[in-house]
2 protein chains.
Amino acid sequence: MSEPVVVDAMGGDHGPVETVAGAVAARRELGIPVLLVGRAGDVRAELDRHGAAAEIDVVHAEDVVPMAERGAGAVSSVSSGSSGSSGKTSLTVGCELVRRGAASAFVSAGSTGAVVSCAIRGIGRATGVLRPALAIALPSVTGGATVLIDAGATSDPTPEMIAQFALLGVSYAQLVLDVADPSVGLLSIGSEPGKGNRLTRRAGELLPDLPLRFHGNVEGHDVLAGTVDVIVTDGFTGNVVLKNVEGSVRAALTLVARSGVAGAEDLREVARRYDPETHGGAALLGLSGTVVVAHGSSRAATIARACAVAHDLAEGGVATRFGDRLATEPVR
Amino acid sequence: MSEPVVVDAMGGDHGPVETVAGAVAARRELGIPVLLVGRAGDVRAELDRHGAAAEIDVVHAEDVVPMAERGAGAVSSVSSGSSGSSGKTSLTVGCELVRRGAASAFVSAGSTGAVVSCAIRGIGRATGVLRPALAIALPSVTGGATVLIDAGATSDPTPEMIAQFALLGVSYAQLVLDVADPSVGLLSIGSEPGKGNRLTRRAGELLPDLPLRFHGNVEGHDVLAGTVDVIVTDGFTGNVVLKNVEGSVRAALTLVARSGVAGAEDLREVARRYDPETHGGAALLGLSGTVVVAHGSSRAATIARACAVAHDLAEGGVATRFGDRLATEPVR
């Protein structure tokens, strides 16, 4: 039995109400062992409302990340509020629990930048990993999902880092999406190997030599098409694409609603599929422990889904699996 | 009165039938002087079907770009077909006409890579321009359009080239979209100036000093939102985004149709707005003459629209205007 998933009770727009409710749902409905980290008084009050105080432990963290810093991505271990204490934030404590092995994974709905910085500092990279990457599973029109990696952790990777992102993405697809032998496409601007910018062409030279099923180049229109199981790119392009998918789908649905051929309510289900809230979170891969960042506006069900993703990744030993691949097929 | 727009009769999936019909429409319905370039026999036969042989001149070009090369973006001035001649293609001849001043602009539905290479070689860059860029106007949900530049001509620009792309994009918005003082956003992954990859951060340092209305950073979800009039980025990111917009809109509409809340026909109007066919073409800016690349599947109406865009740009002296801006505010 693995260590519990620790949930940041204070992160996001709706902590601790929705984060605690999500942790309770993960425990009761999905059978996932969970811990909560945050201001113990507030958290326990919420647990009591679910009658769950006896089921879920709470680790106290004095401070929350100040509102002004949440958007900017900085993490302060000292509250900039009136308490003036030098306590640690729920982010810091959550990552420490993972590093110490007291938790198998950390789930937070805090700002992606803040969580990623804190996790890199607090947990550290797995052996052999050059840089971590964010993986997000996007629903494809064929009914499955496509893993987009790096969706925004590492903006200026080297070709070698992109090669590692591909291996991490394959692990995600195997552990979370249950795809036995995921195909991998390199996001570029033409199908021929010579196409793309310098970084992409060089990454394209490394990928065929890796222990994965390399499809070749894919283009921007393949992101939701189900062409491959994993699409690998640098963190800048990945994040632009992720936001562009969300915005384009929203724009298309707005125009459909406006044209009157379908009502806004009818479109809600389609909108929901691509709503950042329902992704199941962005998994930060490549660290010595598993971290999943849920969207800031996440409600309980999304928090619970993020716990499930974190649990699958931790149970599957994503960091270890990657290390094994590195040992057999070293990336130059 | 300016020189005519020369239309490549042989380019695209439906040349010369639709290209000739489009040229005729541009002449008769939009009052734009046009020329056609291609295999004179075939072209004149099409013109006769419209009774337009007396209205539109034809410049002969022996060869067409071989089918095998159209996708790969290479241009051959020697036919790889059975004729074995050493004649020039309609692309080459069309660009020569512009270079010589016998035509003010060139419109082709040939492959973007082939047209761009040919134009750069055959027409050459305007004074002061470091690299050309493709500009595409995407409809925004607010009812206007946003110019995306560079949509795929220059994959690895320097920050200085990106600064120039911004100036070219502003000219496009003024001349084609009639926006008097276009706002410009730099595509990045966060609104704060420090966000983004190295290239974007450096470009962000140059843009505030240019004679344009700089909004600051925009993100992937701003592309169709109408946040700014011009979105500037490198050609790799721009092309990924362009294809991603098309694919994401298509995916959203597919899901809506599949959900049964609206019929495929009802969705057609929405799909049409974002159909690459209706963009009005991609304008290659920064050369000594105007070139507009229409989508390969373009029908007559789209070819005519591309002629209108080419005409507006040529009449407005987009290359000259840019040179003036460079003279007053040199880009470092």
# chains A, B, ... in the order shown; residues from 1 in each chain; ligands from 1
call {"tool": "interface_residues", "arguments": {"of": "chain A", "to": "chain B", "cutoff": "8 Å", "atoms": "only C-alpha atoms", "output": "PyMOL selection string"}}
result
chain A and resi 72+141+155-156+187-189+192+196-198+219-225+236-237+239-249+251-256+259+261-262+266-267+270
call {"tool": "write_last_selection", "arguments": {"atoms": "N, CA and C atoms", "output": "short mmCIF file (atom, residue, chain, number, x, y, z; two decimals), in the first residue's frame"}}
result
data_model
loop_
_atom_site.label_atom_id
_atom_site.label_comp_id
_atom_site.auth_asym_id
_atom_site.auth_seq_id
_atom_site.Cartn_x
_atom_site.Cartn_y
_atom_site.Cartn_z
N ALA A 72 1.41 35.67 -9.93
CA ALA A 72 2.77 35.94 -10.44
C ALA A 72 3.65 34.71 -10.38
N VAL A 141 -11.33 13.95 -30.81
CA VAL A 141 -12.63 13.72 -31.44
C VAL A 141 -12.89 12.23 -31.68
N SER A 155 10.24 26.45 -20.80
CA SER A 155 10.05 27.25 -22.01
C SER A 155 11.14 27.15 -23.06
N ASP A 156 12.35 26.95 -22.65
CA ASP A 156 13.47 26.90 -23.62
C ASP A 156 14.24 25.60 -23.46
N LEU A 187 5.38 17.94 -32.46
CA LEU A 187 4.61 19.06 -32.98
C LEU A 187 5.50 19.94 -33.85
N SER A 188 5.11 20.09 -35.10
CA SER A 188 5.91 20.87 -36.03
C SER A 188 5.00 21.58 -37.01
N ILE A 189 5.58 22.03 -38.14
CA ILE A 189 4.78 22.80 -39.09
C ILE A 189 4.78 22.20 -40.48
N GLU A 192 7.02 16.64 -43.24
CA GLU A 192 8.35 16.16 -43.63
C GLU A 192 9.35 16.42 -42.50
N GLY A 196 10.11 22.65 -39.78
CA GLY A 196 10.10 23.07 -38.39
C GLY A 196 11.21 24.04 -38.09
N ASN A 197 11.28 24.50 -36.84
CA ASN A 197 12.37 25.39 -36.48
C ASN A 197 13.58 24.54 -36.06
N ARG A 198 14.67 25.21 -35.71
CA ARG A 198 15.91 24.47 -35.43
C ARG A 198 15.72 23.48 -34.29
N GLU A 219 0.96 18.29 -36.84
CA GLU A 219 0.78 19.74 -36.94
C GLU A 219 -0.28 20.24 -35.96
N GLY A 220 -0.48 21.54 -35.96
CA GLY A 220 -1.41 22.13 -35.00
C GLY A 220 -2.81 21.55 -35.06
N HIS A 221 -3.25 21.14 -36.24
CA HIS A 221 -4.61 20.61 -36.35
C HIS A 221 -4.72 19.17 -35.86
N ASP A 222 -3.61 18.55 -35.49
CA ASP A 222 -3.64 17.17 -34.98
C ASP A 222 -3.89 17.11 -33.48
N VAL A 223 -3.85 18.28 -32.80
CA VAL A 223 -3.89 18.26 -31.34
C VAL A 223 -5.16 17.61 -30.79
N LEU A 224 -6.30 17.83 -31.44
CA LEU A 224 -7.54 17.23 -30.95
C LEU A 224 -8.03 16.12 -31.87
N ALA A 225 -7.23 15.79 -32.88
CA ALA A 225 -7.71 14.87 -33.91
C ALA A 225 -7.51 13.40 -33.57
N PHE A 236 6.89 26.44 -24.21
CA PHE A 236 6.30 27.69 -24.71
C PHE A 236 5.21 27.36 -25.72
N THR A 237 5.58 26.58 -26.74
CA THR A 237 4.61 26.21 -27.77
C THR A 237 3.45 25.44 -27.16
N ASN A 239 2.19 25.57 -24.14
CA ASN A 239 1.27 26.40 -23.38
C ASN A 239 0.43 27.29 -24.29
N VAL A 240 1.05 27.81 -25.35
CA VAL A 240 0.28 28.60 -26.32
C VAL A 240 -0.81 27.74 -26.94
N VAL A 241 -0.46 26.52 -27.31
CA VAL A 241 -1.41 25.60 -27.92
C VAL A 241 -2.54 25.26 -26.95
N LEU A 242 -2.20 24.96 -25.72
CA LEU A 242 -3.21 24.61 -24.72
C LEU A 242 -4.23 25.73 -24.57
N LYS A 243 -3.74 26.95 -24.40
CA LYS A 243 -4.63 28.10 -24.25
C LYS A 243 -5.41 28.35 -25.55
N ASN A 244 -4.76 28.07 -26.67
CA ASN A 244 -5.43 28.30 -27.96
C ASN A 244 -6.55 27.29 -28.18
N VAL A 245 -6.35 26.05 -27.75
CA VAL A 245 -7.41 25.05 -27.85
C VAL A 245 -8.62 25.53 -27.06
N GLU A 246 -8.37 25.93 -25.82
CA GLU A 246 -9.47 26.38 -24.96
C GLU A 246 -10.20 27.56 -25.59
N GLY A 247 -9.43 28.55 -26.06
CA GLY A 247 -10.03 29.75 -26.64
C GLY A 247 -10.75 29.49 -27.95
N SER A 248 -10.20 28.62 -28.79
CA SER A 248 -10.81 28.34 -30.09
C SER A 248 -12.11 27.57 -29.93
N VAL A 249 -12.09 26.59 -29.03
CA VAL A 249 -13.31 25.82 -28.79
C VAL A 249 -14.40 26.76 -28.25
N ALA A 251 -14.62 29.96 -28.68
CA ALA A 251 -15.06 30.88 -29.74
C ALA A 251 -16.05 30.18 -30.67
N ALA A 252 -15.73 28.94 -31.05
CA ALA A 252 -16.62 28.21 -31.95
C ALA A 252 -17.99 28.02 -31.31
N LEU A 253 -18.02 27.67 -30.03
CA LEU A 253 -19.29 27.45 -29.35
C LEU A 253 -20.05 28.76 -29.18
N THR A 254 -19.32 29.85 -28.95
CA THR A 254 -19.97 31.16 -28.84
C THR A 254 -20.67 31.50 -30.15
N LEU A 255 -19.97 31.26 -31.25
CA LEU A 255 -20.56 31.57 -32.55
C LEU A 255 -21.76 30.68 -32.85
N VAL A 256 -21.69 29.42 -32.44
CA VAL A 256 -22.81 28.51 -32.66
C VAL A 256 -24.02 28.99 -31.85
N SER A 259 -25.49 32.02 -33.40
CA SER A 259 -26.19 31.81 -34.67
C SER A 259 -27.59 31.26 -34.43
N VAL A 261 -28.59 28.26 -33.79
CA VAL A 261 -28.94 26.90 -34.20
C VAL A 261 -28.91 25.92 -33.03
N ALA A 262 -28.34 26.34 -31.93
CA ALA A 262 -28.32 25.48 -30.74
C ALA A 262 -28.29 26.39 -29.53
N ASP A 266 -27.56 23.47 -24.49
CA ASP A 266 -27.24 22.29 -25.26
C ASP A 266 -25.73 22.19 -25.49
N LEU A 267 -25.11 23.33 -25.62
CA LEU A 267 -23.69 23.34 -25.92
C LEU A 267 -22.84 23.10 -24.68
N VAL A 270 -20.60 19.99 -24.60
CA VAL A 270 -19.41 20.09 -25.44
C VAL A 270 -18.40 21.02 -24.78
#
call {"tool": "select_by_dssp", "arguments": {"residues": "region 15-260 of chain A", "states": "strand (DSSP E or B)", "output": "MDAnalysis selection string"}}
result
chainID A and resid 34:38 57:60 63 89 105:108 125 133:139 145:149 183:187 213:218 230:232
call {"tool": "select_by_dssp", "arguments": {"residues": "region 48-214 of chain A", "states": "alpha helix (DSSP H)", "output": "MDAnalysis selection string"}}
result
chainID A and resid 48:50 67:70 90:100 112:122 159:176 198:206
call {"tool": "residues_around", "arguments": {"residues": "Arg39 (chain A)", "least_positions_apart": "4", "cutoff": "12 Å", "atoms": "only C-alpha atoms", "output": "list in words"}}
result
Asp8, Ala9, Met10, Gly11, Gly15, Pro16, Val20, Val43, Arg44, Ala45, Glu46, Val58, Val59, His60, Ala61, Glu62, Asp63, Val64, Val65, Gly87, Lys88, Thr89, Ser90, Leu91 and Val93 of chain A
call {"tool": "closest_residue", "arguments": {"among": "A:Leu47, A:Val147, A:Ala306, A:Leu287", "to": "Arg99 (chain A)", "atoms": "only C-alpha atoms"}}
result
A:Leu287
call {"tool": "closest_atom_pairs", "arguments": {"of": "region 229-302 of chain A", "to": "region 206-215 of chain A", "cutoff": "12 Å", "atoms": "only C-alpha atoms", "output": "Markdown table"}}
result
| residue | atom | partner | partner_atom | distance |
| --- | --- | --- | --- | --- |
| A:Asp229 | CA | A:His215 | CA | 9.7 |
| A:Val230 | CA | A:Phe214 | CA | 9.6 |
| A:Ile231 | CA | A:His215 | CA | 9.8 |
| A:Val232 | CA | A:Leu207 | CA | 10.1 |
| A:Thr233 | CA | A:Leu207 | CA | 11.8 |
call {"tool": "atom_distance", "arguments": {"atom1": "CA of Ile32 (chain B)", "atom2": "CA of Glu3 (chain B)"}}
result
9.8 Å
call {"tool": "atom_distance", "arguments": {"atom1": "CA of Thr158 (chain B)", "atom2": "CA of Ala133 (chain B)"}}
result
12.6 Å
